[in-house]
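Containing PDB, C-alpha atoms: query.pdb.
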```pdb
ATOM      1  CA  GLY B   1       0.000   0.000   0.000
ATOM      2  CA  GLU B   2       0.896   3.693  -0.225
ATOM      3  CA  PRO B   3      -0.367   6.892   1.496
ATOM      4  CA  VAL B   4      -2.929   9.103  -0.265
ATOM      5  CA  LEU B   5      -2.878  12.934  -0.036
ATOM      6  CA  ASP B   6      -5.685  15.354  -0.900
ATOM      7  CA  GLU B   7      -5.322  18.407  -3.191
ATOM      8  CA  ALA B   8      -4.052  20.461  -0.261
ATOM      9  CA  GLY B   9      -1.359  17.903   0.469
ATOM     10  CA  ARG B  10      -3.018  16.604   3.598
ATOM     11  CA  PHE B  11      -2.917  12.867   4.415
ATOM     12  CA  ALA B  12      -6.185  11.277   3.321
ATOM     13  CA  GLY B  13      -5.513   7.554   3.862
ATOM     14  CA  TYR B  14      -3.915   4.569   2.132
ATOM     15  CA  ARG B  15      -4.577   2.692  -1.060
ATOM     16  CA  GLY B  16      -3.145  -0.579  -2.365
ATOM     17  CA  VAL B  17      -3.769  -4.000  -3.893
ATOM     18  CA  GLY B  18      -4.365  -7.471  -2.504
ATOM     19  CA  ARG B  19      -3.556 -10.979  -3.663
ATOM     20  CA  ASP B  20      -4.911 -14.374  -2.632
ATOM     21  CA  VAL B  21      -1.872 -16.387  -1.419
ATOM     22  CA  THR B  22      -3.827 -19.345  -0.093
ATOM     23  CA  VAL B  23      -2.373 -21.686  -2.707
ATOM     24  CA  MET B  24       1.173 -20.477  -2.031
ATOM     25  CA  LYS B  25       0.741 -20.887   1.723
ATOM     26  CA  GLN B  26      -0.723 -24.339   1.245
ATOM     27  CA  ALA B  27       2.239 -25.273  -0.963
ATOM     28  CA  GLU B  28       4.706 -23.981   1.626
ATOM     29  CA  HIS B  29       2.889 -25.925   4.311
ATOM     30  CA  GLU B  30       2.939 -29.101   2.225
ATOM     31  CA  ILE B  31       6.643 -28.675   1.453
ATOM     32  CA  ALA B  32       7.392 -28.213   5.145
ATOM     33  CA  GLN B  33       5.348 -31.335   5.947
ATOM     34  CA  SER B  34       7.146 -33.307   3.217
ATOM     35  CA  ARG B  35      10.540 -32.223   4.516
ATOM     36  CA  GLY B  36       9.533 -33.180   8.023
ATOM     37  CA  PHE B  37       8.304 -36.561   6.832
ATOM     38  CA  LEU B  38      11.478 -37.229   4.825
ATOM     39  CA  LYS B  39      13.657 -36.187   7.764
ATOM     40  CA  ALA B  40      11.732 -38.536  10.060
ATOM     41  CA  LEU B  41      12.023 -41.297   7.454
ATOM     42  CA  ILE B  42      15.797 -40.875   7.095
ATOM     43  CA  ASP B  43      16.255 -40.683  10.856
ATOM     44  CA  ALA B  44      14.380 -43.981  11.229
ATOM     45  CA  ILE B  45      16.814 -45.829   8.948
ATOM     46  CA  PRO B  46      19.172 -47.864  11.170
ATOM     47  CA  SER B  47      22.110 -47.527   8.747
ATOM     48  CA  PRO B  48      24.140 -44.296   8.503
ATOM     49  CA  VAL B  49      22.649 -41.897   5.929
ATOM     50  CA  LEU B  50      24.336 -38.721   4.666
ATOM     51  CA  LEU B  51      23.119 -36.046   2.233
ATOM     52  CA  LYS B  52      25.589 -33.873   0.276
ATOM     53  CA  ASP B  53      24.803 -30.916  -1.972
ATOM     54  CA  GLY B  54      26.139 -30.305  -5.471
ATOM     55  CA  GLN B  55      29.283 -28.722  -3.988
ATOM     56  CA  HIS B  56      29.919 -31.938  -2.015
ATOM     57  CA  ARG B  57      29.135 -30.297   1.337
ATOM     58  CA  TYR B  58      27.430 -32.293   4.063
ATOM     59  CA  VAL B  59      23.912 -30.855   4.456
ATOM     60  CA  GLU B  60      22.066 -33.501   6.480
ATOM     61  CA  ALA B  61      22.772 -36.719   8.372
ATOM     62  CA  ASN B  62      20.670 -39.122  10.400
ATOM     63  CA  PRO B  63      21.446 -40.136  14.004
ATOM     64  CA  SER B  64      23.061 -43.398  12.841
ATOM     65  CA  PHE B  65      25.561 -41.430  10.761
ATOM     66  CA  VAL B  66      26.266 -39.063  13.661
ATOM     67  CA  GLU B  67      26.981 -42.090  15.866
ATOM     68  CA  PHE B  68      29.155 -43.731  13.196
ATOM     69  CA  PHE B  69      31.050 -40.501  12.508
ATOM     70  CA  GLU B  70      31.577 -39.841  16.232
ATOM     71  CA  ARG B  71      30.916 -36.109  15.840
ATOM     72  CA  PRO B  72      27.901 -33.928  16.647
ATOM     73  CA  LEU B  73      25.719 -32.855  13.735
ATOM     74  CA  ASP B  74      26.781 -29.197  13.967
ATOM     75  CA  ARG B  75      30.401 -30.286  13.355
ATOM     76  CA  ILE B  76      29.343 -32.270  10.280
ATOM     77  CA  VAL B  77      26.970 -29.977   8.373
ATOM     78  CA  GLY B  78      28.715 -27.560   6.015
ATOM     79  CA  ARG B  79      31.952 -29.569   5.869
ATOM     80  CA  THR B  80      33.370 -31.724   3.067
ATOM     81  CA  ASP B  81      35.305 -34.976   2.939
ATOM     82  CA  PHE B  82      38.548 -32.997   2.798
ATOM     83  CA  ASP B  83      37.854 -31.758   6.340
ATOM     84  CA  PHE B  84      37.829 -35.293   7.769
ATOM     85  CA  PHE B  85      39.844 -37.679   5.592
ATOM     86  CA  THR B  86      43.263 -37.922   3.994
ATOM     87  CA  ARG B  87      43.605 -36.239   0.625
ATOM     88  CA  GLU B  88      43.778 -39.626  -1.097
ATOM     89  CA  ASP B  89      40.544 -40.848   0.482
ATOM     90  CA  ALA B  90      38.759 -37.513   0.034
ATOM     91  CA  THR B  91      39.743 -37.417  -3.647
ATOM     92  CA  TYR B  92      38.328 -40.906  -4.120
ATOM     93  CA  PHE B  93      35.059 -39.937  -2.402
ATOM     94  CA  LEU B  94      34.872 -36.834  -4.602
ATOM     95  CA  SER B  95      35.303 -38.892  -7.768
ATOM     96  CA  THR B  96      32.481 -41.248  -6.760
ATOM     97  CA  ASP B  97      30.265 -38.234  -5.952
ATOM     98  CA  GLN B  98      30.908 -36.920  -9.446
ATOM     99  CA  ALA B  99      30.148 -40.304 -10.986
ATOM    100  CA  ALA B 100      26.776 -40.356  -9.208
ATOM    101  CA  LEU B 101      26.005 -36.777 -10.304
ATOM    102  CA  ARG B 102      26.824 -37.661 -13.910
ATOM    103  CA  GLY B 103      23.955 -40.111 -13.839
ATOM    104  CA  ASP B 104      26.070 -43.246 -14.076
ATOM    105  CA  GLY B 105      23.485 -44.881 -11.822
ATOM    106  CA  PRO B 106      23.923 -45.762  -8.160
ATOM    107  CA  VAL B 107      27.626 -45.914  -7.281
ATOM    108  CA  THR B 108      28.612 -48.715  -4.909
ATOM    109  CA  TYR B 109      31.975 -49.434  -3.314
ATOM    110  CA  GLU B 110      33.596 -50.897  -0.203
ATOM    111  CA  ARG B 111      36.313 -48.884   1.508
ATOM    112  CA  PRO B 112      37.850 -48.502   4.963
ATOM    113  CA  TYR B 113      36.840 -45.358   6.858
ATOM    114  CA  ARG B 114      39.228 -44.142   9.543
ATOM    115  CA  ILE B 115      37.150 -42.484  12.262
ATOM    116  CA  HIS B 116      39.458 -41.050  14.909
ATOM    117  CA  ASP B 117      41.580 -44.046  15.992
ATOM    118  CA  SER B 118      39.397 -46.827  14.584
ATOM    119  CA  ILE B 119      38.996 -48.236  11.069
ATOM    120  CA  ARG B 120      35.672 -49.575   9.848
ATOM    121  CA  TRP B 121      34.995 -51.100   6.450
ATOM    122  CA  MET B 122      31.820 -49.676   4.908
ATOM    123  CA  LEU B 123      29.762 -50.679   1.906
ATOM    124  CA  VAL B 124      28.591 -47.350   0.433
ATOM    125  CA  ARG B 125      25.780 -46.736  -2.048
ATOM    126  CA  LYS B 126      25.563 -43.254  -3.603
ATOM    127  CA  THR B 127      22.557 -41.980  -5.539
ATOM    128  CA  ALA B 128      22.050 -38.566  -7.186
ATOM    129  CA  LEU B 129      18.812 -36.676  -6.422
ATOM    130  CA  THR B 130      17.281 -33.567  -7.996
ATOM    131  CA  ALA B 131      15.206 -31.248  -5.771
ATOM    132  CA  PRO B 132      12.062 -29.461  -7.056
ATOM    133  CA  ASP B 133      14.104 -26.255  -7.374
ATOM    134  CA  GLY B 134      16.599 -28.035  -9.648
ATOM    135  CA  LYS B 135      19.414 -28.322  -7.096
ATOM    136  CA  ARG B 136      21.415 -31.561  -7.160
ATOM    137  CA  TYR B 137      22.158 -33.705  -4.125
ATOM    138  CA  ILE B 138      23.963 -36.943  -3.372
ATOM    139  CA  LEU B 139      22.410 -39.439  -0.968
ATOM    140  CA  LEU B 140      24.778 -41.895   0.744
ATOM    141  CA  VAL B 141      23.652 -45.008   2.592
ATOM    142  CA  LEU B 142      26.421 -46.865   4.434
ATOM    143  CA  PHE B 143      26.518 -50.457   5.700
ATOM    144  CA  ASP B 144      29.138 -51.695   8.149
ATOM    145  CA  VAL B 145      30.950 -54.717   6.649
ATOM    146  CA  THR B 146      33.901 -54.707   9.047
ATOM    147  CA  GLY B 147      32.951 -58.162  10.329
ATOM    148  CA  LYS B 148      32.903 -59.588   6.805
ATOM    149  CA  HIS B 149      36.348 -58.224   6.031
ATOM    150  CA  ALA B 150      37.701 -59.544   9.318
ATOM    151  CA  ALA B 151      36.281 -62.988   8.515
ATOM    152  CA  GLU B 152      37.818 -62.878   5.026
ATOM    153  CA  GLU B 153      41.185 -61.961   6.519
ATOM    154  CA  ARG B 154      40.950 -64.847   9.016
ATOM    155  CA  LEU B 155      40.060 -67.170   6.137
ATOM    156  CA  ARG B 156      43.084 -66.023   4.121
ATOM    157  CA  GLU B 157      45.325 -66.585   7.121
ATOM    158  CA  SER B 158      43.774 -70.009   7.695
ATOM    159  CA  GLU B 159      44.277 -70.972   4.050
ATOM    160  CA  GLN B 160      47.899 -69.854   4.207
ATOM    161  CA  ARG B 161      48.478 -71.961   7.325
ATOM    162  CA  PHE B 162      46.776 -74.906   5.603
ATOM    163  CA  ARG B 163      49.041 -74.570   2.565
ATOM    164  CA  SER B 164      52.130 -74.284   4.736
ATOM    165  CA  LEU B 165      51.231 -77.393   6.730
ATOM    166  CA  THR B 166      50.388 -79.461   3.653
ATOM    167  CA  GLU B 167      53.649 -78.446   1.989
ATOM    168  CA  LEU B 168      55.504 -79.658   5.089
ATOM    169  CA  SER B 169      53.876 -83.088   4.763
ATOM    170  CA  ALA B 170      54.218 -83.400   0.965
ATOM    171  CA  ASP B 171      56.477 -82.254  -1.851
ATOM    172  CA  TRP B 172      53.944 -79.793  -3.287
ATOM    173  CA  TYR B 173      50.418 -78.447  -2.890
ATOM    174  CA  TRP B 174      47.920 -77.649  -5.674
ATOM    175  CA  GLU B 175      44.432 -76.209  -6.237
ATOM    176  CA  GLN B 176      42.017 -76.487  -9.161
ATOM    177  CA  ASP B 177      38.807 -74.639 -10.096
ATOM    178  CA  ASP B 178      35.401 -76.174 -10.871
ATOM    179  CA  ARG B 179      36.596 -77.048 -14.405
ATOM    180  CA  TYR B 180      39.635 -78.892 -13.031
ATOM    181  CA  ARG B 181      42.067 -76.181 -14.210
ATOM    182  CA  TYR B 182      45.073 -75.512 -11.993
ATOM    183  CA  THR B 183      44.755 -72.179 -10.200
ATOM    184  CA  TYR B 184      47.636 -72.623  -7.745
ATOM    185  CA  LEU B 185      50.756 -74.776  -7.572
ATOM    186  CA  SER B 186      53.323 -74.323  -4.836
ATOM    187  CA  ASP B 187      56.852 -73.375  -5.846
ATOM    188  CA  SER B 188      58.134 -76.677  -4.466
ATOM    189  CA  ALA B 189      56.611 -78.498  -7.482
ATOM    190  CA  ALA B 190      59.294 -77.057  -9.766
ATOM    191  CA  GLY B 191      61.835 -79.674 -10.845
ATOM    192  CA  HIS B 192      59.497 -82.542 -10.104
ATOM    193  CA  MET B 193      56.352 -82.889 -12.231
ATOM    194  CA  VAL B 194      56.907 -79.482 -13.865
ATOM    195  CA  GLU B 195      59.838 -77.293 -14.753
ATOM    196  CA  THR B 196      58.033 -74.214 -13.410
ATOM    197  CA  GLY B 197      54.714 -73.997 -11.566
ATOM    198  CA  SER B 198      53.316 -71.411 -13.967
ATOM    199  CA  GLU B 199      53.216 -73.854 -16.888
ATOM    200  CA  LEU B 200      50.257 -75.694 -15.324
ATOM    201  CA  ILE B 201      48.156 -72.648 -14.362
ATOM    202  CA  GLY B 202      44.999 -72.536 -16.473
ATOM    203  CA  ARG B 203      45.407 -76.124 -17.715
ATOM    204  CA  THR B 204      43.827 -79.337 -16.508
ATOM    205  CA  ARG B 205      45.663 -82.498 -15.528
ATOM    206  CA  PHE B 206      44.397 -84.041 -18.765
ATOM    207  CA  GLU B 207      45.932 -81.236 -20.870
ATOM    208  CA  ALA B 208      49.323 -81.280 -19.139
ATOM    209  CA  ASP B 209      52.401 -83.097 -20.483
ATOM    210  CA  PHE B 210      51.840 -86.177 -18.324
ATOM    211  CA  ASP B 211      51.969 -89.861 -19.231
ATOM    212  CA  TRP B 212      49.024 -91.845 -17.845
ATOM    213  CA  PRO B 213      49.192 -95.546 -16.984
ATOM    214  CA  SER B 214      46.463 -96.133 -19.590
ATOM    215  CA  ASP B 215      43.570 -94.475 -21.372
ATOM    216  CA  GLN B 216      41.243 -96.298 -19.002
ATOM    217  CA  ALA B 217      43.068 -94.809 -16.006
ATOM    218  CA  MET B 218      42.463 -91.350 -17.486
ATOM    219  CA  ARG B 219      38.754 -92.070 -18.002
ATOM    220  CA  ASP B 220      38.416 -93.500 -14.484
ATOM    221  CA  HIS B 221      40.038 -90.398 -12.982
ATOM    222  CA  ARG B 222      37.711 -88.055 -14.881
ATOM    223  CA  ALA B 223      34.731 -90.089 -13.664
ATOM    224  CA  THR B 224      35.995 -89.716 -10.099
ATOM    225  CA  LEU B 225      36.244 -85.938 -10.493
ATOM    226  CA  ASP B 226      32.811 -85.665 -12.133
ATOM    227  CA  ALA B 227      31.364 -87.600  -9.191
ATOM    228  CA  ARG B 228      33.059 -85.127  -6.808
ATOM    229  CA  ARG B 229      34.847 -87.922  -4.950
ATOM    230  CA  PRO B 230      38.262 -87.672  -3.280
ATOM    231  CA  PHE B 231      41.116 -89.612  -4.846
ATOM    232  CA  ARG B 232      44.432 -91.072  -3.717
ATOM    233  CA  ASP B 233      47.417 -92.767  -5.323
ATOM    234  CA  LEU B 234      47.126 -91.163  -8.758
ATOM    235  CA  VAL B 235      50.481 -91.934 -10.421
ATOM    236  CA  LEU B 236      51.612 -89.888 -13.433
ATOM    237  CA  ARG B 237      54.915 -89.279 -15.208
ATOM    238  CA  SER B 238      56.105 -85.899 -16.449
ATOM    239  CA  ARG B 239      57.265 -85.969 -20.074
ATOM    240  CA  LYS B 240      59.355 -82.832 -19.477
ATOM    241  CA  THR B 241      61.269 -83.846 -16.361
ATOM    242  CA  GLY B 242      60.925 -87.628 -16.648
ATOM    243  CA  ARG B 243      59.959 -87.855 -12.975
ATOM    244  CA  TRP B 244      57.048 -89.733 -11.408
ATOM    245  CA  GLY B 245      54.507 -88.132  -9.101
ATOM    246  CA  LEU B 246      51.896 -89.449  -6.712
ATOM    247  CA  SER B 247      48.870 -87.161  -6.191
ATOM    248  CA  ALA B 248      45.896 -87.113  -3.827
ATOM    249  CA  GLY B 249      43.029 -84.651  -3.769
ATOM    250  CA  GLU B 250      39.636 -83.803  -2.346
ATOM    251  CA  PRO B 251      36.683 -81.757  -3.655
ATOM    252  CA  VAL B 252      36.026 -78.273  -2.258
ATOM    253  CA  PHE B 253      32.521 -76.871  -1.680
ATOM    254  CA  ASP B 254      31.393 -73.430  -0.542
ATOM    255  CA  ALA B 255      29.011 -72.706   2.349
ATOM    256  CA  SER B 256      25.953 -73.281   0.134
ATOM    257  CA  GLY B 257      27.243 -76.651  -1.065
ATOM    258  CA  ALA B 258      28.268 -75.503  -4.549
ATOM    259  CA  PHE B 259      31.292 -77.295  -6.021
ATOM    260  CA  LYS B 260      34.334 -74.987  -6.223
ATOM    261  CA  GLY B 261      37.073 -77.350  -7.437
ATOM    262  CA  TYR B 262      39.765 -79.616  -6.007
ATOM    263  CA  ARG B 263      42.806 -79.208  -3.807
ATOM    264  CA  GLY B 264      45.473 -81.703  -2.894
ATOM    265  CA  VAL B 265      49.107 -82.651  -2.528
ATOM    266  CA  GLY B 266      51.751 -84.423  -4.565
ATOM    267  CA  ARG B 267      54.915 -86.375  -3.866
ATOM    268  CA  ASP B 268      57.865 -87.261  -6.072
ATOM    269  CA  ILE B 269      58.128 -91.093  -6.120
ATOM    270  CA  THR B 270      60.758 -91.372  -8.834
TER     271      THR B 270
END
```
Can you present the structure in this file as structure tokens?
Amino acid sequence: GEPVLDEAGRFAGYRGVGRDVTVMKQAEHEIAQSRGFLKALIDAIPSPVLLKDGQHRYVEANPSFVEFFERPLDRIVGRTDFDFFTREDATYFLSTDQAALRGDGPVTYERPYRIHDSIRWMLVRKTALTAPDGKRYILLVLFDVTGKHAAEERLRESEQRFRSLTELSADWYWEQDDRYRYTYLSDSAAGHMVETGSELIGRTRFEADFDWPSDQAMRDHRATLDARRPFRDLVLRSRKTGRWGLSAGEPVFDASGAFKGYRGVGRDIT
């Protein structure tokens, strides 16, 4: 509005215009309700959730993320990865942000996160979002997989101990995949059935330069493998080194019972 003066210049009142803003107010109210609902929804998710803006700044986080990050929310919002992580890690996080913003689809990776003095392995899924006003955001959902990585490390250590022990009780140790191709042969096999261990990798026992006792012995051995049975006392001769080897093996299955291949030991019986 504006004041109105009469011909003598005296104040005579106000005049102005009006506009119905009911729709605008309803829209603002609905937006506020939607934001409140989304915030409550994110907060209810048990996994850590983080929202970044198009400049890669942290703009929102749920309580699970605050607990995981071991910092209060007011020390998280407005910061970037470069404020918390090494330059190498922060650069990697930035590159995956950019991949999500490019529309490459959800970006997923597993990476260790150092939080203060502890390290936790996290499976991270990043998705790009576009707000009604056109602004771009990146939504991160994190899952703690530290236990899985610890179990995998224990398994690797256990397998290494197993190999070491078997090599102490035999001349060499070997592993094959589900198509009977050699995937591992200990260095101690060199000079016995092979000149170098690498010459067998990717080949089956049937494709190697071995002499079999007979064609029937070869067929019987393949039948044993196809039946997923263990075997002992398989005697073969290397055409390259001229030496005789005695092999024994057993089938390997994963936790679901799926056949993974064979593993076993060999001994020079020349």
Please provide the set of residues having any atom within 9 Å of stretch 180-186 of chain B, restricted to only C-alpha atoms, with same-chain residues fewer than 6 positions apart removed, written as a list in words.
->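 Once the nearby chain positions are removed, what remains is Arg163, Glu167, Trp172, Tyr173, Trp174, Gly197, Ser198, Leu200, Ile201, Gly202, Arg203, Thr204, Arg205, Leu225, Gly261 and Tyr262 of chain B.
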Name every residue that the PyMOL selection byres ((chain B and resi 228) around 9) selects in this structure, writing the answer as a ChimeraX atom specification with chains first and numbers rising.
-> /B:223-227,229-230,250-252,259,261-262
Could you tell me which residues the PyMOL selection byres ((chain B and resi 247) around 10) returns for this structure, as a list in words?
->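 Evaluating the PyMOL selection byres ((chain B and resi 247) around 10) on this file yields Ala170, Trp172, Tyr173, Trp174, Phe231, Arg232, Asp233, Leu234, Val235, Leu236, Gly245, Leu246, Ala248, Gly249, Gly264, Val265, Gly266, Arg267 and Asp268 of chain B.
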Exactly which residues make up the result of the PyMOL selection byres ((chain B and resi 73-90) around 12) on this file, given as a PyMOL selection string?
-> chain B and resi 50-72+91-97+111-116+119
Between atom CA of B:Leu123 and atom CA of B:Val141, what is the spacing in Å?
-> 8.4 Å
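Between atom CA of B:Ile42 and atom CA of B:Leu139 the interatomic distance comes to 10.5 Å.
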Using atom CA of B:Ala151 and atom CA of B:Asp254 as the two end points, give the distance in Å to one decimal.
->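 Between these atoms lies a distance of 14.7 Å.
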What's the 8 Å shell around B:Thr146, counting all atoms listed in the file, without same-chain residues fewer than 4 positions away, as a ChimeraX atom specification?
-> /B:120-122,150
Which is closer to B:Gln176 than all the others in B:Val17, B:Glu199, B:Arg10, B:Lys260, using all atoms listed in the file?
->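 Under the stated criterion, the closest residue is B:Lys260.
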Out of B:Pro132, B:Ala217, B:Asp171, B:Gly9, which residue has the shortest atom-to-atom distance to B:Ser188 when counting all atoms listed in the file?
-> B:Asp171
